[in-house]
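Colleague: For reference, this is upload-v9.txt, and it has compact mmCIF, C-alpha atoms and all ligand atoms.
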```txt
# COMPACT_ATOMS: atom_id res chain seq x y z
CA LYS A 21 95.66 93.80 4.84
CA GLU A 22 95.20 96.75 2.50
CA LYS A 23 94.77 99.30 5.24
CA ALA A 24 95.37 99.40 8.99
CA THR A 25 95.27 101.88 11.84
CA GLY A 26 97.16 102.24 15.11
CA THR A 27 96.13 104.54 17.95
CA SER A 28 97.56 105.99 21.17
CA TYR A 29 96.95 108.73 23.75
CA ALA A 30 98.53 111.90 25.02
CA LYS A 31 100.23 111.36 28.36
CA ILE A 32 99.94 113.37 31.53
CA ILE A 33 102.56 112.89 34.22
CA PHE A 34 100.80 112.99 37.55
CA PHE A 35 103.95 112.62 39.65
CA GLY A 36 107.63 112.15 38.92
CA GLU A 37 108.68 114.12 35.85
CA HIS A 38 112.44 114.72 35.78
CA SER A 39 113.12 112.57 38.85
CA VAL A 40 112.06 109.58 36.70
CA VAL A 41 115.15 110.23 34.55
CA TYR A 42 117.26 109.48 37.67
CA GLY A 43 115.59 106.17 38.47
CA LYS A 44 112.82 107.46 40.75
CA PRO A 45 109.25 106.21 40.34
CA ALA A 46 106.54 108.09 38.45
CA VAL A 47 102.75 107.94 38.10
CA ALA A 48 101.34 108.90 34.71
CA ILE A 49 97.97 108.73 33.02
CA PRO A 50 96.77 108.48 29.43
CA LEU A 51 94.52 111.39 28.47
CA TYR A 52 91.70 109.54 26.74
CA SER A 53 90.16 112.48 24.95
CA VAL A 54 93.44 113.47 23.28
CA ASP A 55 94.49 110.76 20.89
CA VAL A 56 96.59 109.99 17.85
CA SER A 57 95.78 107.72 14.96
CA ALA A 58 98.15 106.51 12.26
CA THR A 59 96.59 104.95 9.17
CA LEU A 60 98.71 102.99 6.75
CA GLU A 61 97.31 102.19 3.30
CA ARG A 62 98.94 100.19 0.55
CA THR A 63 99.17 102.15 -2.71
CA VAL A 64 100.46 101.47 -6.22
CA ILE A 65 103.43 103.77 -6.15
CA GLY A 66 105.46 105.88 -3.72
CA GLN A 67 105.91 106.16 0.03
CA THR A 68 104.13 109.25 1.35
CA ILE A 69 103.31 110.71 4.72
CA HIS A 70 100.55 113.15 5.54
CA CYS A 71 100.63 114.82 8.93
CA ARG A 72 100.39 118.32 10.37
CA TYR A 73 104.06 119.03 9.68
CA PHE A 74 104.56 117.45 6.34
CA ASP A 75 102.76 116.24 3.29
CA GLY A 76 104.75 114.39 0.66
CA PRO A 77 107.31 111.66 -0.01
CA ILE A 78 109.02 110.21 3.07
CA SER A 79 112.42 110.76 1.45
CA GLN A 80 111.82 114.53 1.53
CA MET A 81 110.80 114.79 5.19
CA ASN A 82 112.48 117.62 7.10
CA ASP A 83 115.11 117.05 9.74
CA ASN A 84 112.90 117.63 12.76
CA LEU A 85 110.92 114.56 11.71
CA GLN A 86 114.05 112.47 11.51
CA GLY A 87 112.94 110.26 14.41
CA VAL A 88 109.76 109.29 12.58
CA ARG A 89 111.67 108.62 9.36
CA VAL A 90 114.21 106.38 11.06
CA LEU A 91 111.40 104.49 12.81
CA ILE A 92 109.56 103.95 9.51
CA ASP A 93 112.78 102.65 7.90
CA ARG A 94 113.25 100.28 10.81
CA LEU A 95 109.68 98.98 10.52
CA LEU A 96 110.04 98.49 6.76
CA ASN A 97 113.23 96.52 7.40
CA LEU A 98 111.57 94.46 10.08
CA PHE A 99 108.80 93.40 7.72
CA GLU A 100 111.22 93.05 4.79
CA ALA A 101 109.03 95.54 3.00
CA ASN A 102 111.44 98.21 1.81
CA GLU A 103 109.68 98.26 -1.56
CA LEU A 104 106.23 98.68 -0.03
CA SER A 105 104.21 101.49 -1.61
CA PHE A 106 102.09 103.23 1.00
CA ARG A 107 100.36 106.32 2.19
CA LEU A 108 100.69 107.03 5.91
CA THR A 109 98.26 109.50 7.49
CA ILE A 110 98.88 110.68 11.04
CA GLU A 111 96.09 112.56 12.79
CA SER A 112 97.03 113.92 16.19
CA LYS A 113 95.03 115.87 18.74
CA VAL A 114 98.13 116.14 20.93
CA PRO A 115 99.57 119.65 20.93
CA ALA A 116 103.28 119.48 20.09
CA GLU A 117 106.02 120.34 22.57
CA ARG A 118 103.68 120.82 25.51
CA GLY A 119 104.88 117.92 27.67
CA MET A 120 101.96 115.76 26.54
CA GLY A 121 104.13 113.18 24.85
CA SER A 122 103.23 114.11 21.30
CA SER A 123 106.21 112.38 19.70
CA ALA A 124 105.87 109.21 21.81
CA ALA A 125 102.16 108.98 20.98
CA THR A 126 102.96 109.31 17.27
CA ALA A 127 105.63 106.60 17.51
CA ILE A 128 103.26 104.20 19.33
CA ALA A 129 100.42 104.73 16.82
CA LEU A 130 102.86 104.25 13.94
CA VAL A 131 104.30 100.98 15.23
CA ARG A 132 100.79 99.63 15.88
CA ALA A 133 99.67 100.58 12.36
CA PHE A 134 102.57 98.63 10.78
CA PHE A 135 101.98 95.55 12.93
CA ASN A 136 98.27 95.69 12.15
CA LEU A 137 98.89 95.99 8.41
CA PHE A 138 101.19 92.96 8.44
CA GLU A 139 98.90 91.17 10.93
CA LYS A 140 101.73 90.41 13.30
CA PRO A 141 101.29 90.16 17.08
CA LEU A 142 103.05 92.91 19.00
CA SER A 143 104.18 92.53 22.59
CA ARG A 144 104.28 95.54 24.88
CA LEU A 145 108.03 95.22 25.22
CA GLU A 146 108.55 95.17 21.45
CA LEU A 147 106.20 98.14 21.04
CA LEU A 148 108.14 100.21 23.60
CA THR A 149 111.52 99.14 22.23
CA LEU A 150 110.54 100.26 18.73
CA ALA A 151 108.99 103.55 19.93
CA ASP A 152 112.21 104.24 21.80
CA ILE A 153 114.09 104.40 18.47
CA GLU A 154 112.11 107.53 17.59
CA GLU A 155 112.15 108.92 21.13
CA LYS A 156 115.96 108.67 21.41
CA ILE A 157 116.39 110.70 18.22
CA THR A 158 113.78 113.29 19.19
CA HIS A 159 114.56 113.64 22.91
CA GLY A 160 118.10 112.43 23.52
CA ASN A 161 117.89 109.98 26.37
CA PRO A 162 114.27 109.70 27.46
CA SER A 163 113.14 107.65 30.44
CA GLY A 164 110.54 105.82 28.33
CA LEU A 165 107.70 107.11 30.51
CA ASP A 166 106.03 108.96 27.64
CA ALA A 167 105.79 105.92 25.37
CA ALA A 168 104.76 103.66 28.25
CA THR A 169 101.84 105.97 29.05
CA ALA A 170 100.86 106.75 25.44
CA SER A 171 100.44 103.00 24.84
CA SER A 172 98.53 102.25 28.03
CA GLU A 173 94.79 102.05 28.61
CA ALA A 174 95.29 102.61 32.33
CA PRO A 175 97.31 104.84 34.64
CA ILE A 176 100.80 103.48 35.13
CA TRP A 177 103.46 103.15 37.78
CA PHE A 178 106.85 103.43 36.15
CA ILE A 179 110.51 103.11 37.09
CA LYS A 180 112.99 103.52 34.23
CA ASN A 181 114.26 100.16 32.92
CA GLN A 182 112.56 98.35 35.81
CA VAL A 183 108.85 98.66 36.42
CA ASN A 184 106.12 99.49 33.95
CA GLU A 185 102.81 98.37 35.38
CA GLN A 186 99.25 99.48 35.10
CA ILE A 187 97.72 100.59 38.36
CA GLU A 188 94.22 100.48 39.56
CA PHE A 189 92.69 103.56 41.03
CA HIS A 190 89.09 103.29 40.00
CA ARG A 191 88.08 103.68 43.62
CA SER A 192 89.38 107.22 43.52
CA ASN A 193 86.99 109.90 42.47
CA LEU A 194 89.52 112.06 40.68
CA CYS A 195 88.78 115.09 38.63
CA LEU A 196 91.78 116.58 36.86
CA VAL A 197 92.00 119.82 34.93
CA ILE A 198 94.77 120.09 32.36
CA ALA A 199 95.67 123.47 30.87
CA ASP A 200 98.00 124.23 27.98
CA SER A 201 100.01 127.42 28.47
CA GLY A 202 100.41 127.57 24.70
CA ILE A 203 104.15 127.97 25.17
CA LYS A 204 106.42 125.35 23.66
CA GLY A 205 108.49 123.46 26.19
CA LYS A 206 111.55 121.70 24.84
CA THR A 207 111.96 118.44 26.71
CA SER A 208 115.64 118.10 25.86
CA GLU A 209 116.39 121.63 27.15
CA ALA A 210 114.52 121.05 30.40
CA VAL A 211 116.22 117.69 30.92
CA SER A 212 119.66 119.26 30.36
CA LEU A 213 118.84 122.12 32.72
CA VAL A 214 118.10 119.67 35.54
CA HIS A 215 121.19 117.67 34.64
CA ASN A 216 123.37 120.81 34.81
CA ASN A 217 121.84 121.75 38.15
CA LEU A 218 122.74 118.33 39.50
CA ILE A 219 126.34 118.83 38.40
CA ASP A 220 126.71 122.47 39.46
CA GLU A 221 124.68 122.40 42.66
CA PRO A 222 124.24 118.79 43.78
CA ASP A 223 123.46 119.79 47.38
CA MET A 224 120.48 121.76 46.18
CA ALA A 225 119.29 119.54 43.33
CA MET A 226 119.79 115.97 44.59
CA PRO A 227 117.50 116.26 47.63
CA LEU A 228 114.82 117.69 45.34
CA ILE A 229 115.08 114.70 43.00
CA ASP A 230 114.89 112.35 46.00
CA GLN A 231 111.88 114.17 47.36
CA LEU A 232 110.07 114.06 44.00
CA GLY A 233 110.59 110.30 43.99
CA GLN A 234 109.25 109.98 47.53
CA ILE A 235 106.24 112.07 46.60
CA ALA A 236 105.41 109.63 43.77
CA THR A 237 105.57 106.71 46.22
CA THR A 238 103.35 108.46 48.75
CA ALA A 239 100.98 109.47 45.96
CA ARG A 240 100.52 105.88 44.86
CA GLN A 241 99.26 105.01 48.32
CA ALA A 242 97.08 108.13 48.44
CA LEU A 243 95.55 107.05 45.13
CA ALA A 244 94.81 103.60 46.49
CA ASP A 245 93.24 105.20 49.59
CA SER A 246 91.33 107.77 47.53
CA ASP A 247 92.92 110.43 49.70
CA GLN A 248 92.42 113.49 47.56
CA VAL A 249 93.60 116.01 50.12
CA THR A 250 96.97 114.27 50.36
CA LEU A 251 97.18 113.99 46.56
CA GLY A 252 96.56 117.71 46.20
CA ARG A 253 99.19 118.54 48.79
CA LEU A 254 101.69 116.26 47.04
CA MET A 255 100.98 117.95 43.72
CA SER A 256 101.68 121.39 45.13
CA GLN A 257 104.82 120.11 46.87
CA SER A 258 106.00 118.70 43.52
CA GLN A 259 105.41 122.06 41.90
CA THR A 260 107.57 123.78 44.54
CA ASP A 261 110.37 121.26 43.98
CA LEU A 262 110.16 121.44 40.18
CA ALA A 263 110.23 125.25 40.35
CA LYS A 264 113.38 125.05 42.51
CA LEU A 265 114.92 122.80 39.86
CA GLY A 266 114.27 125.63 37.41
CA VAL A 267 111.73 124.04 35.07
CA SER A 268 108.62 126.04 35.91
CA THR A 269 107.71 129.31 34.20
CA LYS A 270 105.81 132.45 35.20
CA ALA A 271 102.76 131.30 33.25
CA LEU A 272 102.77 127.85 34.87
CA ASP A 273 103.23 129.35 38.36
CA GLN A 274 100.36 131.69 37.67
CA PHE A 275 98.11 128.87 36.42
CA CYS A 276 98.82 126.91 39.60
CA GLN A 277 97.90 129.97 41.67
CA ILE A 278 94.64 130.46 39.80
CA ALA A 279 93.69 126.80 40.23
CA ILE A 280 94.32 127.00 43.99
CA THR A 281 92.39 130.28 44.24
CA TYR A 282 89.40 128.51 42.67
CA ASN A 283 89.42 125.64 45.11
CA ALA A 284 91.80 123.11 43.55
CA LEU A 285 93.32 120.70 46.08
CA GLY A 286 96.70 121.01 44.38
CA ALA A 287 98.33 122.00 41.10
CA LYS A 288 101.62 121.46 39.29
CA LEU A 289 103.28 121.61 35.93
CA THR A 290 103.19 118.36 34.02
CA GLY A 291 105.78 117.04 31.60
CA SER A 292 109.14 118.62 31.12
CA GLY A 293 108.15 122.20 32.01
CA LEU A 294 109.80 125.33 30.56
CA GLY A 295 106.41 125.85 28.93
CA GLY A 296 103.82 123.20 28.28
CA CYS A 297 100.97 122.23 30.56
CA MET A 298 99.69 122.33 34.12
CA ILE A 299 97.40 119.90 35.95
CA ALA A 300 95.17 120.67 38.89
CA LEU A 301 93.13 118.37 41.08
CA ALA A 302 89.58 119.67 41.46
CA LYS A 303 87.21 118.61 44.23
CA ASN A 304 84.42 117.88 41.75
CA GLN A 305 83.23 118.43 38.17
CA ARG A 306 81.67 121.79 38.95
CA ASP A 307 84.90 123.18 40.41
CA ALA A 308 86.82 121.67 37.49
CA GLN A 309 84.65 123.59 34.99
CA ILE A 310 85.22 126.84 36.89
CA ILE A 311 88.99 126.28 37.13
CA ALA A 312 89.17 125.48 33.40
CA THR A 313 87.24 128.64 32.53
CA LYS A 314 89.44 130.81 34.75
CA LEU A 315 92.58 129.30 33.23
CA ARG A 316 91.37 130.00 29.70
CA GLN A 317 90.60 133.58 30.74
CA ALA A 318 94.18 133.80 32.04
CA GLY A 319 95.58 132.74 28.67
CA ALA A 320 95.46 128.93 28.56
CA THR A 321 95.11 128.02 24.89
CA GLN A 322 93.27 124.78 25.66
CA THR A 323 91.93 122.97 28.70
CA TRP A 324 90.74 119.41 29.26
CA ILE A 325 88.94 117.77 32.16
CA GLN A 326 89.46 114.11 32.90
CA SER A 327 87.40 112.42 35.51
CA PHE A 328 88.23 108.96 36.83
CA LYS A 329 85.00 108.48 38.69
CA ASN A 330 83.76 105.62 36.58
CA TYR A 331 87.15 104.43 35.59
CA GLU A 332 87.18 100.68 35.23
CA PHE A 333 90.44 98.84 35.30
CA THR A 334 90.61 96.19 32.60
C1 LIG B 1 108.97 114.42 29.73
O1 LIG B 1 107.63 114.20 29.36
C2 LIG B 1 109.24 113.80 31.05
C3 LIG B 1 110.66 113.99 31.59
O2 LIG B 1 110.67 113.32 32.84
C4 LIG B 1 111.70 113.43 30.67
C5 LIG B 1 111.70 111.91 30.57
O3 LIG B 1 111.02 111.24 31.34
O4 LIG B 1 112.44 111.40 29.71
C6 LIG B 1 110.96 115.44 31.84
```
Represent the structure contained in this file as structure tokens.
Ligand code: MEV
Modeller:
Amino acid sequence: KEKATGTSYAKIIFFGEHSVVYGKPAVAIPLYSVDVSATLERTVIGQTIHCRYFDGPISQMNDNLQGVRVLIDRLLNLFEANELSFRLTIESKVPAERGMGSSAATAIALVRAFFNLFEKPLSRLELLTLADIEEKITHGNPSGLDAATASSEAPIWFIKNQVNEQIEFHRSNLCLVIADSGIKGKTSEAVSLVHNNLIDEPDMAMPLIDQLGQIATTARQALADSDQVTLGRLMSQSQTDLAKLGVSTKALDQFCQIAITYNALGAKLTGSGLGGCMIALAKNQRDAQIIATKLRQAGATQTWIQSFKNYEFT
């Protein structure tokens, strides 16, 4: 092919951020309205990349894009195409460093674009293994949850190195509000903070990790039962636990409060915390619109509403 595109989604962790790093289960959803596309075109000369951070030859890419560069090298090796001349354009709606899996979504779209260009079949395992090359460089030792969600068309149930399955909850009538605090949250810093807490204060931190894992398990059942009240309660319980682990912020706490004041069934940070985004479960579309407006008035830089009412599992 002369030209090929790969796509992916932003990810929202519903339940289980941080505890997933310690082998506990997590539930995460792709955010369909926030996507990434990577378009790879053969050219006559050069290897260039065009994205929001960089525009120019791959060889001159700055260090914070090292993960992407290493992944591209690996893909070129894989296809024995080191001499390939190309132009790679990455268009991303995912805000960076907000716990929405921006880097994982880029990696997934990129791998898909290469496989499409060379018209090679790509298994899910191979896709995630390749994306992990970039994620390890960018985030240290990620659980893989971000890439698993960014590449999925459905919500997923995930246990690090064990389970990565799509789950059905189309019976649920879920209406989620996502709000970006506009503050960058560094995943690696948040992950180290939790790690240090586990070392320094295991009696405080370990039970919280266990509880976050149990919450994810209970939430899966609540999703299957369409039990929104329980889901909301579990979200707010997660927020309390994550705050005790030290990864919430004033802005995120305040957003959760606002959502609850305007009738949300529950609210929590989503992703690594220390900045980034919050999600709230609204009772219906109307409430969701009000919550989103109030959050923007309180300083959210962007809000999204995702409804699962007509969600069809394929
Ligand atoms: C980051 O989006 C989610 C964390 O659980 C880290 C990880 O899963 O690697 C905080």
Colleague: Using all atoms listed in the file, what does the table of chain A residues within 9 Å of ligand LIG 1 (chain B) look like, with each row giving the shortest atom pair and its distance in Å to one decimal, sorted by chain and ascending number, as a tab-separated table?
Modeller:
```
residue	atom	partner	partner_atom	distance
A:Lys31	CA	B:LIG1	O1	8.0
A:Ile32	CA	B:LIG1	O1	8.0
A:Ile33	CA	B:LIG1	O1	7.1
A:Gly36	CA	B:LIG1	O2	6.9
A:Glu37	CA	B:LIG1	O2	3.7
A:His38	CA	B:LIG1	O2	3.7
A:Ser39	CA	B:LIG1	O2	6.5
A:Val40	CA	B:LIG1	O2	5.6
A:Val41	CA	B:LIG1	O3	5.3
A:Ala46	CA	B:LIG1	O2	8.7
A:Arg118	CA	B:LIG1	O1	8.6
A:Gly119	CA	B:LIG1	O1	4.9
A:Met120	CA	B:LIG1	O1	6.5
A:Gly121	CA	B:LIG1	O1	5.8
A:Glu155	CA	B:LIG1	O4	8.9
A:His159	CA	B:LIG1	O4	7.5
A:Gly160	CA	B:LIG1	O4	8.5
A:Asn161	CA	B:LIG1	O4	6.5
A:Pro162	CA	B:LIG1	O4	3.4
A:Ser163	CA	B:LIG1	O4	3.9
A:Gly164	CA	B:LIG1	O4	6.1
A:Leu165	CA	B:LIG1	O3	5.4
A:Asp166	CA	B:LIG1	O1	5.7
A:Lys180	CA	B:LIG1	O3	8.5
A:Thr207	CA	B:LIG1	C1	5.8
A:Ser208	CA	B:LIG1	C4	7.8
A:Ala210	CA	B:LIG1	C6	6.8
A:Val211	CA	B:LIG1	C6	5.8
A:Thr290	CA	B:LIG1	O1	7.7
A:Gly291	CA	B:LIG1	O1	4.1
A:Ser292	CA	B:LIG1	C6	3.7
A:Gly293	CA	B:LIG1	C6	7.3
```
Colleague: Got a sec: who's within 12 Å of segment 184-187 of chain A, counting only C-alpha atoms, leaving out chain neighbours fewer than 3 positions off, as a PyMOL selection string?
Modeller: chain A and resi 45-50+144-145+148+163-169+171-181+190-192+240-241+243-244+331-334
Colleague: Would you list the residues near (105.1, 108.2, 22.0) (no more than 7 Å away, in the coordinates of the file, using only C-alpha atoms) as a PDB file with C-alpha atoms, in the frame of the given file?
Modeller:
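The resulting file, out-v1.pdb, is shown below:
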```pdb
ATOM      1  CA  GLY A 121     104.130 113.180  24.850  1.00  0.00           C
ATOM      2  CA  SER A 122     103.230 114.110  21.300  1.00  0.00           C
ATOM      3  CA  SER A 123     106.210 112.380  19.700  1.00  0.00           C
ATOM      4  CA  ALA A 124     105.870 109.210  21.810  1.00  0.00           C
ATOM      5  CA  ALA A 125     102.160 108.980  20.980  1.00  0.00           C
ATOM      6  CA  THR A 126     102.960 109.310  17.270  1.00  0.00           C
ATOM      7  CA  ALA A 127     105.630 106.600  17.510  1.00  0.00           C
ATOM      8  CA  ILE A 128     103.260 104.200  19.330  1.00  0.00           C
ATOM      9  CA  ALA A 151     108.990 103.550  19.930  1.00  0.00           C
ATOM     10  CA  ASP A 166     106.030 108.960  27.640  1.00  0.00           C
ATOM     11  CA  ALA A 167     105.790 105.920  25.370  1.00  0.00           C
ATOM     12  CA  ALA A 170     100.860 106.750  25.440  1.00  0.00           C
TER      13      ALA A 170
END
```
Colleague: Counting only C-alpha atoms, figure out which residue out of A:Ile299, A:Leu91, A:Ala263, A:Ala284 gets nearest to Ile78 of chain A.
Modeller: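 Selected residue with least distance to Ile78 of chain A: A:Leu91.
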Colleague: Excluding Ser258 of chain A and residues on its chain fewer than 4 positions from it, collect all residues at most 9 Å away from it, counting only C-alpha atoms, and give them as a tab-separated table (two decimals) with C-alpha atoms, keeping the file's coordinate frame.
Modeller:
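Heads up, here's the output in part15.tsv:
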```tsv
chain	number	residue	atom	x	y	z
A	35	PHE	CA	103.95	112.62	39.65
A	36	GLY	CA	107.63	112.15	38.92
A	231	GLN	CA	111.88	114.17	47.36
A	232	LEU	CA	110.07	114.06	44.00
A	235	ILE	CA	106.24	112.07	46.60
A	253	ARG	CA	99.19	118.54	48.79
A	254	LEU	CA	101.69	116.26	47.04
A	262	LEU	CA	110.16	121.44	40.18
A	263	ALA	CA	110.23	125.25	40.35
A	287	ALA	CA	98.33	122.00	41.10
A	288	LYS	CA	101.62	121.46	39.29
A	289	LEU	CA	103.28	121.61	35.93
```
Colleague: Residues of segment 189-234 of chain A that approach segment 313-329 of chain A to 7 Å or less, counting all atoms listed in the file: could you list each one with the shortest pair of atoms and its distance in Å to one decimal, rows by chain and increasing residue number, as a tab-separated table?
Modeller:
```
residue	atom	partner	partner_atom	distance
A:His190	CA	A:Phe328	CA	6.6
A:Ser192	CA	A:Lys329	CA	6.6
A:Asn193	CA	A:Lys329	CA	4.5
A:Leu194	CA	A:Phe328	CA	5.1
A:Cys195	CA	A:Ser327	CA	4.3
A:Leu196	CA	A:Gln326	CA	5.2
A:Val197	CA	A:Ile325	CA	4.6
A:Ile198	CA	A:Trp324	CA	5.1
A:Ala199	CA	A:Thr323	CA	4.4
A:Asp200	CA	A:Gln322	CA	5.3
A:Ser201	CA	A:Ala320	CA	4.8
A:Gly202	CA	A:Thr321	CA	5.3
```
Colleague: Please determine, counting all atoms listed in the file, which residue among A:Thr109, A:Asn84, A:Gln277, A:Gln305 has the shortest atom-to-atom distance to Ile69 of chain A.
Modeller: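 Ranked by minimum distance to Ile69 of chain A, first place goes to A:Thr109.
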Colleague: Taking (96.4, 128.1, 39.9) as a centre in this file's frame and 9 Å as the limit, can you find every polymer residue with an atom that close, using only C-alpha atoms, and give them as a list in words?
Modeller: Leu272, Asp273, Gln274, Phe275, Cys276, Gln277, Ile278, Ala279, Ile280, Thr281, Tyr282, Ala284, Gly286, Ala287, Lys288, Met298, Ala300, Ile311 and Leu315 of chain A
Colleague: Keeping only C-alpha atoms, take the residues you just selected and write them out as a PDB file, in the coordinates of the input.
Modeller:
```
ATOM      1  CA  LEU A 272     102.770 127.850  34.870  1.00  0.00           C
ATOM      2  CA  ASP A 273     103.230 129.350  38.360  1.00  0.00           C
ATOM      3  CA  GLN A 274     100.360 131.690  37.670  1.00  0.00           C
ATOM      4  CA  PHE A 275      98.110 128.870  36.420  1.00  0.00           C
ATOM      5  CA  CYS A 276      98.820 126.910  39.600  1.00  0.00           C
ATOM      6  CA  GLN A 277      97.900 129.970  41.670  1.00  0.00           C
ATOM      7  CA  ILE A 278      94.640 130.460  39.800  1.00  0.00           C
ATOM      8  CA  ALA A 279      93.690 126.800  40.230  1.00  0.00           C
ATOM      9  CA  ILE A 280      94.320 127.000  43.990  1.00  0.00           C
ATOM     10  CA  THR A 281      92.390 130.280  44.240  1.00  0.00           C
ATOM     11  CA  TYR A 282      89.400 128.510  42.670  1.00  0.00           C
ATOM     12  CA  ALA A 284      91.800 123.110  43.550  1.00  0.00           C
ATOM     13  CA  GLY A 286      96.700 121.010  44.380  1.00  0.00           C
ATOM     14  CA  ALA A 287      98.330 122.000  41.100  1.00  0.00           C
ATOM     15  CA  LYS A 288     101.620 121.460  39.290  1.00  0.00           C
ATOM     16  CA  MET A 298      99.690 122.330  34.120  1.00  0.00           C
ATOM     17  CA  ALA A 300      95.170 120.670  38.890  1.00  0.00           C
ATOM     18  CA  ILE A 311      88.990 126.280  37.130  1.00  0.00           C
ATOM     19  CA  LEU A 315      92.580 129.300  33.230  1.00  0.00           C
TER      20      LEU A 315
END
```
Colleague: Interatomic distance between atom CA of Leu98 of chain A and atom CA of Tyr73 of chain A?
Modeller: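 Computing the Euclidean distance for atom CA of Leu98 of chain A and atom CA of Tyr73 of chain A yields 25.7 Å.
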Colleague: Go through A:Asn304, A:Thr27, A:Ser268, A:Asn97 one by one, measure the shortest atom-to-atom distance of each to Val214 of chain A using all atoms listed in the file, and give the residue with the smallest value.
Modeller: A:Ser268
Colleague: Quick one: distance from atom CA of Ile157 of chain A to atom CA of Gly87 of chain A in Å, one decimal?
Modeller: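 So the two atoms, atom CA of Ile157 of chain A and atom CA of Gly87 of chain A, lie 5.2 Å apart.
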Colleague: Calculate how many Å separate atom CA of Ile92 of chain A from atom CA of Lys23 of chain A, rounding to one decimal.
Modeller: 16.1 Å
Colleague: Considering all atoms listed in the file, return as an MDAnalysis selection string whatever protein or nucleic-acid residues lie within 6 Å of Leu60 of chain A, sequence-local ones (same chain, fewer than 4 positions apart) excluded.
Modeller: chainID A and resid 23:24 107:108
Colleague: Just checking: using all atoms listed in the file, which residue out of A:Gly26, A:Gly66, A:Pro222, A:Pro115 ends up closest to Asn102 of chain A?
Modeller: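 Checking each candidate against Asn102 of chain A, we get A:Gly66 as the closest.
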Colleague: Go through A:Glu139, A:Ala129, A:Lys264, A:Thr25 one by one, measure the shortest atom-to-atom distance of each to Glu221 of chain A using all atoms listed in the file, and give the residue with the smallest value.
Modeller: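 Closest candidate: A:Lys264.
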Colleague: Is it possible to add N, CA and C atoms to segment 131-144 of chain A and hand it back as a tab-separated table (two decimals), in the frame of the given file?
Modeller:
```tsv
chain	number	residue	atom	x	y	z
A	131	VAL	N	103.88	102.38	15.08
A	131	VAL	CA	104.30	100.98	15.23
A	131	VAL	C	103.07	100.07	15.18
A	132	ARG	N	102.01	100.46	15.88
A	132	ARG	CA	100.79	99.63	15.88
A	132	ARG	C	100.20	99.52	14.48
A	133	ALA	N	100.23	100.62	13.72
A	133	ALA	CA	99.67	100.58	12.36
A	133	ALA	C	100.44	99.57	11.50
A	134	PHE	N	101.77	99.58	11.57
A	134	PHE	CA	102.57	98.63	10.78
A	134	PHE	C	102.27	97.18	11.18
A	135	PHE	N	102.25	96.93	12.48
A	135	PHE	CA	101.98	95.55	12.93
A	135	PHE	C	100.58	95.11	12.53
A	136	ASN	N	99.63	96.03	12.57
A	136	ASN	CA	98.27	95.69	12.15
A	136	ASN	C	98.22	95.38	10.66
A	137	LEU	N	98.91	96.19	9.87
A	137	LEU	CA	98.89	95.99	8.41
A	137	LEU	C	99.46	94.61	8.06
A	138	PHE	N	100.55	94.25	8.74
A	138	PHE	CA	101.19	92.96	8.44
A	138	PHE	C	100.63	91.82	9.30
A	139	GLU	N	99.61	92.16	10.09
A	139	GLU	CA	98.90	91.17	10.93
A	139	GLU	C	99.85	90.34	11.78
A	140	LYS	N	100.77	91.07	12.42
A	140	LYS	CA	101.73	90.41	13.30
A	140	LYS	C	101.42	90.78	14.75
A	141	PRO	N	101.51	89.82	15.67
A	141	PRO	CA	101.29	90.16	17.08
A	141	PRO	C	102.41	91.06	17.59
A	142	LEU	N	102.08	91.94	18.50
A	142	LEU	CA	103.05	92.91	19.00
A	142	LEU	C	103.02	92.89	20.52
A	143	SER	N	104.15	92.52	21.12
A	143	SER	CA	104.18	92.53	22.59
A	143	SER	C	104.42	93.96	23.07
A	144	ARG	N	104.09	94.20	24.32
A	144	ARG	CA	104.28	95.54	24.88
A	144	ARG	C	105.76	95.93	24.88
```
